[in-house]
$ cat data-v3.txt   # compact mmCIF, C-alpha atoms
# COMPACT_ATOMS: atom_id res chain seq x y z
CA MET A 1 -40.57 -17.17 -29.89
CA GLY A 2 -38.76 -15.44 -27.04
CA ASN A 3 -39.11 -13.89 -23.63
CA VAL A 4 -39.07 -10.23 -22.71
CA VAL A 5 -35.84 -9.40 -20.94
CA ARG A 6 -34.48 -6.16 -19.59
CA VAL A 7 -31.19 -5.16 -21.21
CA LEU A 8 -28.84 -2.72 -19.43
CA TYR A 9 -26.13 -0.91 -21.39
CA PHE A 10 -22.94 0.31 -19.71
CA GLY A 11 -19.92 2.34 -20.74
CA ALA A 12 -19.40 2.59 -24.49
CA ALA A 13 -22.47 0.40 -25.09
CA GLN A 14 -24.55 3.20 -23.62
CA GLU A 15 -23.05 5.67 -26.06
CA LEU A 16 -23.42 3.39 -29.07
CA THR A 17 -27.06 2.54 -28.36
CA GLY A 18 -27.98 5.95 -27.07
CA LYS A 19 -29.79 4.42 -24.08
CA SER A 20 -29.05 2.94 -20.70
CA SER A 21 -31.71 0.20 -20.80
CA GLU A 22 -34.54 -1.25 -22.83
CA LYS A 23 -36.74 -4.34 -23.12
CA LEU A 24 -35.90 -6.82 -25.85
CA ASN A 25 -37.39 -10.12 -26.90
CA ALA A 26 -35.19 -13.23 -27.16
CA GLY A 27 -35.11 -16.89 -26.17
CA ASP A 28 -31.40 -17.12 -25.48
CA THR A 29 -28.33 -14.93 -25.35
CA GLY A 30 -27.27 -15.85 -28.88
CA SER A 31 -30.51 -14.61 -30.41
CA LEU A 32 -30.47 -11.58 -28.10
CA CYS A 33 -27.06 -10.59 -29.49
CA ARG A 34 -28.31 -10.98 -33.08
CA VAL A 35 -31.35 -8.79 -32.31
CA MET A 36 -29.15 -6.19 -30.64
CA LEU A 37 -26.45 -6.06 -33.29
CA GLU A 38 -29.08 -5.74 -36.01
CA LYS A 39 -30.70 -2.88 -34.17
CA TYR A 40 -27.35 -1.18 -33.37
CA PRO A 41 -24.84 -2.05 -36.12
CA SER A 42 -22.17 0.14 -34.50
CA MET A 43 -22.16 -2.26 -31.53
CA ARG A 44 -20.33 -4.75 -33.81
CA THR A 45 -17.14 -2.78 -33.24
CA LEU A 46 -17.41 -3.17 -29.46
CA SER A 47 -16.02 -6.09 -27.52
CA PHE A 48 -18.31 -6.85 -24.60
CA ARG A 49 -19.25 -9.52 -22.10
CA ILE A 50 -22.73 -10.33 -20.86
CA ALA A 51 -24.05 -10.65 -17.33
CA LEU A 52 -27.28 -12.52 -16.67
CA ASN A 53 -28.97 -11.50 -13.45
CA ARG A 54 -25.70 -9.96 -12.26
CA ASN A 55 -23.59 -13.02 -12.97
CA LEU A 56 -20.99 -12.90 -15.68
CA LEU A 57 -21.85 -15.43 -18.38
CA ARG A 58 -19.11 -17.73 -19.62
CA GLU A 59 -21.26 -19.49 -22.24
CA GLU A 60 -24.58 -19.10 -24.04
CA SER A 61 -27.65 -19.27 -21.86
CA VAL A 62 -31.41 -19.52 -22.29
CA LEU A 63 -33.37 -16.48 -21.18
CA MET A 64 -36.42 -16.36 -18.92
CA GLU A 65 -39.12 -13.72 -18.80
CA ASN A 66 -37.87 -10.65 -16.87
CA ASP A 67 -34.24 -11.72 -16.84
CA GLU A 68 -31.80 -8.86 -16.37
CA ILE A 69 -29.14 -8.81 -19.06
CA ALA A 70 -26.22 -6.40 -18.84
CA ILE A 71 -23.90 -5.50 -21.71
CA LEU A 72 -20.44 -4.99 -20.23
CA PRO A 73 -17.70 -3.40 -22.34
CA PRO A 74 -14.12 -3.87 -21.04
CA LEU A 75 -14.07 -2.83 -17.37
CA GLN A 76 -12.27 0.39 -16.49
CA GLY A 77 -12.33 0.69 -12.72
CA GLY A 78 -9.41 1.93 -10.67
CA MET B 1 49.24 1.72 20.29
CA GLY B 2 45.80 2.87 19.23
CA ASN B 3 43.60 5.83 18.68
CA VAL B 4 40.79 7.11 20.87
CA VAL B 5 37.47 6.46 19.18
CA ARG B 6 33.92 7.11 20.25
CA VAL B 7 31.85 3.93 20.48
CA LEU B 8 28.04 4.12 20.34
CA TYR B 9 25.94 1.20 21.60
CA PHE B 10 22.44 0.55 20.27
CA GLY B 11 19.59 -1.83 21.06
CA ALA B 12 20.65 -4.88 23.05
CA ALA B 13 24.28 -3.69 23.02
CA GLN B 14 23.15 -0.78 25.17
CA GLU B 15 21.57 -3.13 27.68
CA LEU B 16 24.55 -5.50 27.78
CA THR B 17 27.12 -2.74 28.27
CA GLY B 18 24.89 -0.60 30.45
CA LYS B 19 25.84 2.51 28.49
CA SER B 20 24.96 4.27 25.26
CA SER B 21 28.47 5.47 24.42
CA GLU B 22 32.04 5.60 25.63
CA LYS B 23 35.61 6.28 24.43
CA LEU B 24 37.82 3.30 23.73
CA ASN B 25 41.38 2.95 22.49
CA ALA B 26 42.11 0.79 19.44
CA GLY B 27 44.08 0.84 16.19
CA ASP B 28 41.61 -1.12 14.11
CA THR B 29 38.16 -2.66 14.36
CA GLY B 30 39.56 -6.10 15.16
CA SER B 31 41.40 -4.90 18.21
CA LEU B 32 38.45 -2.72 19.18
CA CYS B 33 36.23 -5.80 19.23
CA ARG B 34 38.71 -7.67 21.40
CA VAL B 35 38.87 -4.76 23.85
CA MET B 36 35.10 -4.53 23.93
CA LEU B 37 34.40 -8.24 24.35
CA GLU B 38 36.97 -8.47 27.14
CA LYS B 39 35.33 -5.56 28.91
CA TYR B 40 31.78 -6.87 28.34
CA PRO B 41 31.90 -10.69 28.13
CA SER B 42 28.09 -10.88 27.75
CA MET B 43 28.46 -9.10 24.39
CA ARG B 44 29.88 -12.37 23.04
CA THR B 45 26.33 -13.72 22.85
CA LEU B 46 25.21 -10.82 20.65
CA SER B 47 25.46 -10.80 16.88
CA PHE B 48 26.21 -7.30 15.72
CA ARG B 49 27.54 -5.28 12.80
CA ILE B 50 29.76 -2.22 12.99
CA ALA B 51 29.36 1.19 11.42
CA LEU B 52 32.36 3.47 11.02
CA ASN B 53 31.45 7.13 10.78
CA ARG B 54 27.87 6.15 9.89
CA ASN B 55 28.84 3.72 7.15
CA LEU B 56 28.23 0.04 7.60
CA LEU B 57 31.55 -1.82 7.55
CA ARG B 58 31.83 -4.91 5.38
CA GLU B 59 35.41 -5.71 6.41
CA GLU B 60 37.99 -4.83 9.04
CA SER B 61 39.16 -1.23 9.02
CA VAL B 62 41.89 0.85 10.63
CA LEU B 63 40.67 3.48 13.07
CA MET B 64 41.60 7.15 13.22
CA GLU B 65 41.53 9.45 16.21
CA ASN B 66 37.93 10.57 16.91
CA ASP B 67 36.32 8.05 14.60
CA GLU B 68 32.70 7.27 15.44
CA ILE B 69 32.08 3.56 15.80
CA ALA B 70 28.55 2.20 16.23
CA ILE B 71 27.69 -1.27 17.47
CA LEU B 72 24.54 -2.37 15.63
CA PRO B 73 22.63 -5.43 16.80
CA PRO B 74 20.15 -6.89 14.26
CA LEU B 75 17.91 -4.05 13.05
CA GLN B 76 14.29 -4.03 14.19
CA GLY B 77 12.61 -1.17 12.41
CA GLY B 78 9.10 -1.37 11.00
CA MET C 1 -23.89 3.33 3.36
CA LYS C 2 -26.54 1.91 1.07
CA ASN C 3 -23.80 0.61 -1.15
CA ARG C 4 -20.75 -0.36 0.85
CA TYR C 5 -18.34 -0.24 -2.05
CA LEU C 6 -19.37 2.73 -4.19
CA VAL C 7 -19.35 6.37 -3.26
CA GLY C 8 -20.64 9.35 -5.26
CA GLY C 9 -17.86 11.72 -6.28
CA PRO C 10 -14.20 11.65 -5.25
CA ILE C 11 -12.78 9.79 -2.30
CA THR C 12 -12.01 12.83 -0.17
CA PRO C 13 -9.24 13.17 2.42
CA LEU C 14 -12.03 13.16 5.02
CA LEU C 15 -13.37 9.84 3.76
CA ILE C 16 -9.85 8.45 3.70
CA SER C 17 -9.49 9.45 7.36
CA GLU C 18 -12.79 7.78 8.18
CA LEU C 19 -11.78 4.60 6.38
CA TRP C 20 -8.42 4.67 8.16
CA THR C 21 -10.25 4.85 11.50
CA LEU C 22 -12.53 2.02 10.39
CA GLY C 23 -9.59 -0.18 9.41
CA ASN C 24 -7.51 0.76 12.39
CA ASP C 25 -9.43 -0.46 15.44
CA ASP C 26 -7.50 -3.72 15.64
CA ALA C 27 -4.36 -3.94 17.79
CA GLY C 28 -3.62 -7.38 16.34
CA ALA C 29 -3.01 -5.90 12.90
CA GLY C 30 0.63 -4.98 12.58
CA ALA C 31 0.45 -4.11 8.89
CA VAL C 32 -1.86 -1.92 6.85
CA SER C 33 -1.43 -1.67 3.09
CA ILE C 34 -3.36 0.99 1.23
CA PHE C 35 -3.69 1.65 -2.46
CA ILE C 36 -5.24 4.87 -3.68
CA GLY C 37 -6.00 5.36 -7.35
CA LYS C 38 -6.18 8.94 -8.57
CA VAL C 39 -7.31 10.62 -11.76
CA ARG C 40 -4.26 11.71 -13.79
CA ASP C 41 -4.22 14.91 -15.79
CA ASP C 42 -3.02 12.99 -18.86
CA GLU C 43 -2.73 14.63 -22.24
CA VAL C 44 -4.64 12.64 -24.87
CA ASN C 45 -4.26 13.83 -28.47
CA GLY C 46 -3.24 17.26 -27.31
CA ARG C 47 -6.13 17.62 -24.89
CA ARG C 48 -5.69 17.60 -21.13
CA VAL C 49 -7.95 15.35 -19.01
CA THR C 50 -9.60 17.53 -16.36
CA ALA C 51 -11.87 14.87 -14.86
CA ILE C 52 -13.22 11.36 -15.31
CA GLU C 53 -16.87 10.45 -15.03
CA TYR C 54 -17.25 6.96 -13.60
CA SER C 55 -20.36 4.87 -14.05
CA ALA C 56 -21.05 1.51 -12.45
CA TYR C 57 -23.44 -1.39 -12.58
CA ASN C 58 -24.24 -0.77 -8.94
CA GLU C 59 -25.96 -3.98 -7.92
CA MET C 60 -23.38 -6.16 -9.61
CA ALA C 61 -20.51 -4.03 -8.26
CA ASP C 62 -21.67 -4.72 -4.74
CA LYS C 63 -21.78 -8.44 -5.40
CA GLU C 64 -18.40 -8.52 -7.15
CA ALA C 65 -16.70 -6.46 -4.43
CA GLU C 66 -18.13 -8.80 -1.81
CA GLU C 67 -16.72 -11.73 -3.74
CA ILE C 68 -13.30 -10.09 -4.08
CA VAL C 69 -13.16 -9.51 -0.33
CA LYS C 70 -14.06 -13.14 0.38
CA THR C 71 -11.56 -14.47 -2.16
CA VAL C 72 -8.72 -12.38 -0.75
CA GLN C 73 -9.52 -13.31 2.83
CA ALA C 74 -9.54 -16.99 1.87
CA ALA C 75 -6.27 -16.72 -0.08
CA PHE C 76 -4.29 -14.84 2.58
CA SER C 77 -4.71 -16.38 6.01
CA ASP C 78 -3.02 -13.51 7.86
CA VAL C 79 -5.39 -10.88 6.39
CA ARG C 80 -7.87 -9.34 8.81
CA LYS C 81 -9.81 -6.62 6.95
CA VAL C 82 -10.29 -5.78 3.30
CA ILE C 83 -11.90 -2.45 2.45
CA ILE C 84 -12.75 -1.45 -1.13
CA VAL C 85 -14.30 1.88 -2.13
CA HIS C 86 -14.72 3.10 -5.71
CA SER C 87 -16.07 6.44 -6.91
CA THR C 88 -18.97 6.92 -9.26
CA GLY C 89 -19.75 10.21 -10.99
CA ILE C 90 -17.26 12.96 -11.61
CA VAL C 91 -13.77 12.86 -10.12
CA ARG C 92 -11.39 15.64 -11.09
CA ALA C 93 -7.71 15.25 -11.97
CA GLY C 94 -5.67 14.89 -8.78
CA GLU C 95 -8.61 13.49 -6.83
CA ALA C 96 -8.89 9.88 -5.66
CA SER C 97 -11.33 7.44 -7.25
CA LEU C 98 -10.33 4.14 -5.65
CA LEU C 99 -9.22 3.11 -2.21
CA ILE C 100 -8.17 -0.36 -1.14
CA MET C 101 -7.10 -1.01 2.43
CA VAL C 102 -5.93 -4.37 3.70
CA THR C 103 -4.93 -5.04 7.28
CA ALA C 104 -2.99 -8.13 8.34
CA GLY C 105 -0.89 -9.41 11.16
CA HIS C 106 2.30 -8.95 9.17
CA ARG C 107 3.55 -7.09 6.13
CA ASP C 108 3.87 -9.96 3.68
CA HIS C 109 0.17 -10.73 3.45
CA SER C 110 -1.00 -7.12 3.72
CA THR C 111 1.15 -5.99 0.78
CA ARG C 112 0.49 -9.02 -1.41
CA ALA C 113 -3.23 -9.11 -0.64
CA CYS C 114 -3.54 -5.39 -1.34
CA ARG C 115 -2.01 -5.84 -4.77
CA HIS C 116 -4.14 -8.91 -5.42
CA THR C 117 -7.31 -7.02 -4.44
CA LEU C 118 -6.30 -4.21 -6.77
CA GLU C 119 -5.87 -6.57 -9.73
CA MET C 120 -9.21 -8.21 -9.00
CA VAL C 121 -10.91 -4.80 -8.81
CA LYS C 122 -9.46 -3.94 -12.22
CA GLU C 123 -10.67 -7.25 -13.68
CA GLN C 124 -13.99 -7.72 -11.96
CA LEU C 125 -15.55 -4.50 -10.71
CA PRO C 126 -18.15 -3.36 -13.26
CA VAL C 127 -17.08 0.27 -13.54
CA TRP C 128 -16.53 2.37 -16.65
CA LYS C 129 -15.00 5.75 -17.25
CA LYS C 130 -15.38 8.65 -19.61
CA GLU C 131 -12.63 11.25 -19.86
CA ILE C 132 -13.68 14.87 -19.60
CA TYR C 133 -11.39 17.46 -21.22
CA MET D 1 11.61 18.69 10.51
CA LYS D 2 15.15 18.51 11.85
CA ASN D 3 15.19 14.86 10.94
CA ARG D 4 13.06 14.18 7.88
CA TYR D 5 12.63 10.49 8.49
CA LEU D 6 12.21 10.07 12.24
CA VAL D 7 9.41 11.38 14.41
CA GLY D 8 9.10 11.26 18.19
CA GLY D 9 6.20 9.08 19.35
CA PRO D 10 3.50 7.44 17.24
CA ILE D 11 2.61 8.37 13.69
CA THR D 12 -0.74 9.93 14.47
CA PRO D 13 -3.79 10.09 12.18
CA LEU D 14 -3.09 13.83 11.91
CA LEU D 15 0.47 13.21 10.71
CA ILE D 16 -0.82 10.61 8.25
CA SER D 17 -3.22 13.26 6.88
CA GLU D 18 -0.38 15.74 6.57
CA LEU D 19 1.81 13.21 4.78
CA TRP D 20 -1.09 12.34 2.50
CA THR D 21 -1.44 16.02 1.59
CA LEU D 22 2.32 16.21 1.05
CA GLY D 23 2.32 13.19 -1.26
CA ASN D 24 -0.85 14.19 -3.03
CA ASP D 25 -0.09 17.48 -4.77
CA ASP D 26 0.74 15.81 -8.07
CA ALA D 27 -1.98 15.29 -10.67
CA GLY D 28 0.39 13.17 -12.75
CA ALA D 29 0.46 10.49 -10.05
CA GLY D 30 -2.32 8.00 -10.71
CA ALA D 31 -1.25 5.56 -8.02
CA VAL D 32 -0.38 5.94 -4.35
CA SER D 33 0.73 2.95 -2.32
CA ILE D 34 0.98 3.29 1.41
CA PHE D 35 2.27 0.92 4.04
CA ILE D 36 1.65 1.58 7.70
CA GLY D 37 3.31 -0.54 10.33
CA LYS D 38 1.59 -0.72 13.69
CA VAL D 39 2.49 -2.04 17.12
CA ARG D 40 0.69 -5.34 17.75
CA ASP D 41 -0.62 -6.31 21.18
CA ASP D 42 1.14 -9.67 20.91
CA GLU D 43 1.29 -12.08 23.81
CA VAL D 44 4.87 -13.10 24.55
CA ASN D 45 5.34 -15.80 27.19
CA GLY D 46 1.95 -15.03 28.68
CA ARG D 47 2.55 -11.29 28.84
CA ARG D 48 0.73 -8.82 26.61
CA VAL D 49 2.77 -6.15 24.76
CA THR D 50 1.31 -2.75 25.61
CA ALA D 51 3.87 -0.60 23.79
CA ILE D 52 7.20 -0.64 22.02
CA GLU D 53 10.00 1.77 22.70
CA TYR D 54 11.95 2.48 19.52
CA SER D 55 15.48 3.84 19.51
CA ALA D 56 17.46 4.88 16.47
CA TYR D 57 20.93 5.86 15.38
CA ASN D 58 19.55 9.18 14.23
CA GLU D 59 22.33 10.49 12.03
CA MET D 60 22.81 7.20 10.26
CA ALA D 61 19.04 6.69 9.93
CA ASP D 62 18.78 9.92 8.01
CA LYS D 63 21.56 8.87 5.68
CA GLU D 64 20.19 5.36 5.15
CA ALA D 65 16.66 6.60 4.49
CA GLU D 66 18.00 9.08 1.95
CA GLU D 67 19.84 6.22 0.25
CA ILE D 68 16.74 4.01 0.24
CA VAL D 69 14.72 6.79 -1.41
CA LYS D 70 17.37 7.28 -4.08
CA THR D 71 17.71 3.55 -4.73
CA VAL D 72 13.96 3.08 -5.12
CA GLN D 73 13.60 6.09 -7.39
CA ALA D 74 16.43 4.77 -9.57
CA ALA D 75 14.99 1.25 -9.68
CA PHE D 76 11.41 2.20 -10.56
CA SER D 77 11.26 4.77 -13.35
CA ASP D 78 7.55 5.49 -12.94
CA VAL D 79 7.92 6.40 -9.25
CA ARG D 80 7.48 10.07 -8.38
CA LYS D 81 7.68 10.43 -4.58
CA VAL D 82 8.95 8.20 -1.80
CA ILE D 83 8.14 9.19 1.77
CA ILE D 84 9.48 7.29 4.78
CA VAL D 85 8.70 8.13 8.40
CA HIS D 86 9.64 5.99 11.40
CA SER D 87 8.80 6.55 15.06
CA THR D 88 11.28 6.80 17.87
CA GLY D 89 10.33 6.60 21.53
CA ILE D 90 7.19 4.99 22.87
CA VAL D 91 4.44 3.78 20.54
CA ARG D 92 1.51 2.00 22.13
CA ALA D 93 -0.20 -1.13 20.80
CA GLY D 94 -2.57 -0.19 17.98
CA GLU D 95 -0.59 2.93 17.11
CA ALA D 96 1.48 3.36 13.95
CA SER D 97 5.29 3.37 14.03
CA LEU D 98 6.15 3.32 10.32
CA LEU D 99 4.70 4.98 7.25
CA ILE D 100 5.87 4.47 3.70
CA MET D 101 4.15 6.30 0.86
CA VAL D 102 5.10 5.88 -2.78
CA THR D 103 3.42 7.74 -5.62
CA ALA D 104 3.79 6.74 -9.26
CA GLY D 105 2.14 7.21 -12.59
CA HIS D 106 0.64 3.74 -12.49
CA ARG D 107 -0.11 1.00 -10.01
CA ASP D 108 2.58 -1.49 -10.94
CA HIS D 109 5.52 0.62 -9.84
CA SER D 110 3.77 2.20 -6.85
CA THR D 111 2.88 -1.18 -5.34
CA ARG D 112 6.21 -2.87 -6.11
CA ALA D 113 8.29 0.13 -5.06
CA CYS D 114 6.33 0.45 -1.80
CA ARG D 115 7.08 -3.15 -0.92
CA HIS D 116 10.72 -2.76 -1.96
CA THR D 117 11.07 0.35 0.21
CA LEU D 118 9.55 -1.55 3.11
CA GLU D 119 12.04 -4.40 2.78
CA MET D 120 14.93 -1.95 2.57
CA VAL D 121 13.70 -0.13 5.68
CA LYS D 122 13.62 -3.44 7.54
CA GLU D 123 17.15 -4.28 6.38
CA GLN D 124 18.86 -0.93 6.50
CA LEU D 125 17.22 1.55 8.84
CA PRO D 126 19.17 1.56 12.13
CA VAL D 127 16.22 1.26 14.50
CA TRP D 128 15.77 -1.04 17.48
CA LYS D 129 12.83 -1.89 19.66
CA LYS D 130 12.12 -2.88 23.22
CA GLU D 131 8.80 -4.41 24.13
CA ILE D 132 6.97 -2.92 27.09
CA TYR D 133 4.48 -5.16 28.93

$ encode --input "data-v3.txt" --output "structure tokens"
Amino acid sequence: MGNVVRVLYFGAAQELTGKSSEKLNAGDTGSLCRVMLEKYPSMRTLSFRIALNRNLLREESVLMENDEIAILPPLQGG
Amino acid sequence: MGNVVRVLYFGAAQELTGKSSEKLNAGDTGSLCRVMLEKYPSMRTLSFRIALNRNLLREESVLMENDEIAILPPLQGG
Amino acid sequence: MKNRYLVGGPITPLLISELWTLGNDDAGAGAVSIFIGKVRDDEVNGRRVTAIEYSAYNEMADKEAEEIVKTVQAAFSDVRKVIIVHSTGIVRAGEASLLIMVTAGHRDHSTRACRHTLEMVKEQLPVWKKEIY
Amino acid sequence: MKNRYLVGGPITPLLISELWTLGNDDAGAGAVSIFIGKVRDDEVNGRRVTAIEYSAYNEMADKEAEEIVKTVQAAFSDVRKVIIVHSTGIVRAGEASLLIMVTAGHRDHSTRACRHTLEMVKEQLPVWKKEIY
């Protein structure tokens, strides 16, 4: 049982998944990661952080319908 | 007995002496200072350093004919 | 600008001039510290970088930049303005991709706050790069 | 320029552009740190500063600036260019009287070397000022 959330991929995550966004189904960030890593095994090699509705997550979080999740590989601005 | 040196006044030293340069007679920087402070008593209130031929002096020095002495009040660049 | 902190393509000398004018209308600011980040023509495994393509999480970048500005202004009481602009898209070697400008009453806070802003941009601004050879 | 480090009057936006171009012809420099000192319209004993008149010991200023550049380049191995320009004569409130530009491979040395140059300029450059109200 989960909710449909919008997942945005940035940087290397975009290259590894071959897409910039998609809808996935998950009840919390932990299960979302499992779904994602199963779908894209090469993502296991990537270290990334997660933003929920544009806020960086520091711990696991439940997910609501239509939440915006972003997969953030190490930042490279500057 | 001294040598004729050219003395340049900068910043507040210019205002206190009323001139930007002059020739004075002295054998070393110590006697030059005495000559100068006697001539311009108001200079006693000014803290200043001395450059000899464009090099900042860190100790007393003898003076040669035609040396260029500069009286440098606290620097204010920037 | 729609997005105050991101600009498409390089930060051109013209834009730098405009930002200088923007930061410079304040006769109480005695100190302006600027950092400009440029794309280096590094050699990586025998190949020369000719450009970098930057991508950003635009909406979050705006929010993070806003937060950086607020944090810096709160941390440095003498700071007056903090300007941050980062490129997205292609920026060629030798061109600028980041500008930070901090104005303050005096030099101590402008220089320290500029460096602090720079470190926060590196840590917090959601921007990624891809070298082009 | 006859004197490479001193300029008569304010450091204008045009001169800043020219110096930027001068410092910017190096695709190996990933970091440019700039400090610009400006005349503040301070109130001193109820009177507002409208300008500052700078005077310098020109010949010694040249020599000291040269020494500062050499010292900074020796102290920071990643530094590529160090540019120092100081005004002489009248600079009005809001106008710039000092520009320091340091380019380096990376940000750490450009920012630290820029600040170091600034402190050395304050300590060593034989320049004096007179407030005009």

$ atom_distance --input "data-v3.txt" --atom1 "CA of Ile71 in chain A" --atom2 "CA of Arg48 in chain C"
29.4 Å

$ closest_residue --input "data-v3.txt" --among "B:Leu57, B:Val5, B:Leu24, B:Ala70" --to "Met36 in chain B" --atoms "all atoms listed in the file"
B:Leu24

$ calpha_fit_and_write --input "data-v3.txt" --fixed "chain B" --moving "chain A" --output "mmCIF file with C-alpha atoms, in the frame of the given file"
data_model
loop_
_atom_site.group_PDB
_atom_site.id
_atom_site.type_symbol
_atom_site.label_atom_id
_atom_site.label_comp_id
_atom_site.auth_asym_id
_atom_site.auth_seq_id
_atom_site.Cartn_x
_atom_site.Cartn_y
_atom_site.Cartn_z
ATOM 1 C CA MET A 1 49.236 1.637 20.243
ATOM 2 C CA GLY A 2 45.787 2.847 19.230
ATOM 3 C CA ASN A 3 43.591 5.852 18.683
ATOM 4 C CA VAL A 4 40.780 7.122 20.858
ATOM 5 C CA VAL A 5 37.468 6.455 19.174
ATOM 6 C CA ARG A 6 33.924 7.108 20.261
ATOM 7 C CA VAL A 7 31.851 3.930 20.497
ATOM 8 C CA LEU A 8 28.032 4.118 20.354
ATOM 9 C CA TYR A 9 25.932 1.206 21.608
ATOM 10 C CA PHE A 10 22.425 0.564 20.274
ATOM 11 C CA GLY A 11 19.603 -1.828 21.061
ATOM 12 C CA ALA A 12 20.647 -4.891 23.041
ATOM 13 C CA ALA A 13 24.274 -3.695 23.033
ATOM 14 C CA GLN A 14 23.143 -0.778 25.164
ATOM 15 C CA GLU A 15 21.571 -3.142 27.663
ATOM 16 C CA LEU A 16 24.538 -5.504 27.760
ATOM 17 C CA THR A 17 27.106 -2.744 28.269
ATOM 18 C CA GLY A 18 24.915 -0.615 30.462
ATOM 19 C CA LYS A 19 25.840 2.515 28.487
ATOM 20 C CA SER A 20 24.961 4.274 25.278
ATOM 21 C CA SER A 21 28.486 5.477 24.427
ATOM 22 C CA GLU A 22 32.060 5.586 25.630
ATOM 23 C CA LYS A 23 35.601 6.290 24.433
ATOM 24 C CA LEU A 24 37.821 3.309 23.728
ATOM 25 C CA ASN A 25 41.364 2.952 22.490
ATOM 26 C CA ALA A 26 42.126 0.797 19.432
ATOM 27 C CA GLY A 27 44.078 0.857 16.180
ATOM 28 C CA ASP A 28 41.602 -1.100 14.098
ATOM 29 C CA THR A 29 38.168 -2.642 14.358
ATOM 30 C CA GLY A 30 39.550 -6.094 15.137
ATOM 31 C CA SER A 31 41.409 -4.894 18.217
ATOM 32 C CA LEU A 32 38.443 -2.705 19.184
ATOM 33 C CA CYS A 33 36.207 -5.793 19.238
ATOM 34 C CA ARG A 34 38.725 -7.689 21.399
ATOM 35 C CA VAL A 35 38.889 -4.763 23.858
ATOM 36 C CA MET A 36 35.104 -4.532 23.955
ATOM 37 C CA LEU A 37 34.399 -8.230 24.350
ATOM 38 C CA GLU A 38 36.965 -8.462 27.139
ATOM 39 C CA LYS A 39 35.353 -5.563 28.924
ATOM 40 C CA TYR A 40 31.790 -6.877 28.349
ATOM 41 C CA PRO A 41 31.903 -10.693 28.142
ATOM 42 C CA SER A 42 28.111 -10.875 27.770
ATOM 43 C CA MET A 43 28.467 -9.096 24.409
ATOM 44 C CA ARG A 44 29.883 -12.395 23.045
ATOM 45 C CA THR A 45 26.338 -13.728 22.857
ATOM 46 C CA LEU A 46 25.216 -10.830 20.654
ATOM 47 C CA SER A 47 25.463 -10.801 16.891
ATOM 48 C CA PHE A 48 26.214 -7.278 15.718
ATOM 49 C CA ARG A 49 27.540 -5.270 12.807
ATOM 50 C CA ILE A 50 29.763 -2.217 12.995
ATOM 51 C CA ALA A 51 29.361 1.196 11.414
ATOM 52 C CA LEU A 52 32.362 3.479 11.031
ATOM 53 C CA ASN A 53 31.439 7.131 10.753
ATOM 54 C CA ARG A 54 27.872 6.130 9.885
ATOM 55 C CA ASN A 55 28.843 3.710 7.142
ATOM 56 C CA LEU A 56 28.232 0.032 7.604
ATOM 57 C CA LEU A 57 31.546 -1.824 7.554
ATOM 58 C CA ARG A 58 31.836 -4.919 5.392
ATOM 59 C CA GLU A 59 35.426 -5.742 6.401
ATOM 60 C CA GLU A 60 38.005 -4.832 9.035
ATOM 61 C CA SER A 61 39.163 -1.245 9.016
ATOM 62 C CA VAL A 62 41.880 0.854 10.628
ATOM 63 C CA LEU A 63 40.663 3.468 13.079
ATOM 64 C CA MET A 64 41.585 7.149 13.222
ATOM 65 C CA GLU A 65 41.506 9.449 16.218
ATOM 66 C CA ASN A 66 37.905 10.573 16.916
ATOM 67 C CA ASP A 67 36.303 8.041 14.604
ATOM 68 C CA GLU A 68 32.687 7.274 15.436
ATOM 69 C CA ILE A 69 32.076 3.559 15.810
ATOM 70 C CA ALA A 70 28.555 2.219 16.247
ATOM 71 C CA ILE A 71 27.673 -1.263 17.483
ATOM 72 C CA LEU A 72 24.545 -2.349 15.623
ATOM 73 C CA PRO A 73 22.632 -5.428 16.783
ATOM 74 C CA PRO A 74 20.147 -6.890 14.251
ATOM 75 C CA LEU A 75 17.927 -4.041 13.024
ATOM 76 C CA GLN A 76 14.311 -4.026 14.166
ATOM 77 C CA GLY A 77 12.606 -1.156 12.387
ATOM 78 C CA GLY A 78 9.105 -1.344 10.982
#

$ interface_residues --input "data-v3.txt" --of "chain C" --to "chain D" --cutoff "6 Å" --atoms "only C-alpha atoms" --output "list in words"
Ala27, Gly28, Gly30, Ala31, Val32, Ser33, Ile34, Phe35, Ile36, Gly37, Lys38, Val39, Arg40, Asp41, Ala93 and Gly94 of chain C

$ atom_distance --input "data-v3.txt" --atom1 "CA of Leu46 in chain A" --atom2 "CA of Ala51 in chain C"
23.9 Å

$ atom_distance --input "data-v3.txt" --atom1 "CA of Leu75 in chain A" --atom2 "CA of Gly11 in chain A"
8.5 Å

$ closest_residue --input "data-v3.txt" --among "D:Tyr57, D:Ala65, D:Tyr133, D:Ala74" --to "chain B" --atoms "only C-alpha atoms"
D:Tyr57

$ residues_around --input "data-v3.txt" --residues "Ser42 in chain A" --least-positions-apart "6" --cutoff "12 Å" --atoms "all atoms listed in the file" --output "PDB file with C-alpha atoms, in the coordinates of the input"
ATOM      1  CA  ALA A  12     -19.400   2.590 -24.490  1.00  0.00           C
ATOM      2  CA  ALA A  13     -22.470   0.400 -25.090  1.00  0.00           C
ATOM      3  CA  GLN A  14     -24.550   3.200 -23.620  1.00  0.00           C
ATOM      4  CA  GLU A  15     -23.050   5.670 -26.060  1.00  0.00           C
ATOM      5  CA  LEU A  16     -23.420   3.390 -29.070  1.00  0.00           C
ATOM      6  CA  THR A  17     -27.060   2.540 -28.360  1.00  0.00           C
ATOM      7  CA  GLY A  18     -27.980   5.950 -27.070  1.00  0.00           C
ATOM      8  CA  MET A  36     -29.150  -6.190 -30.640  1.00  0.00           C
TER       9      MET A  36
END
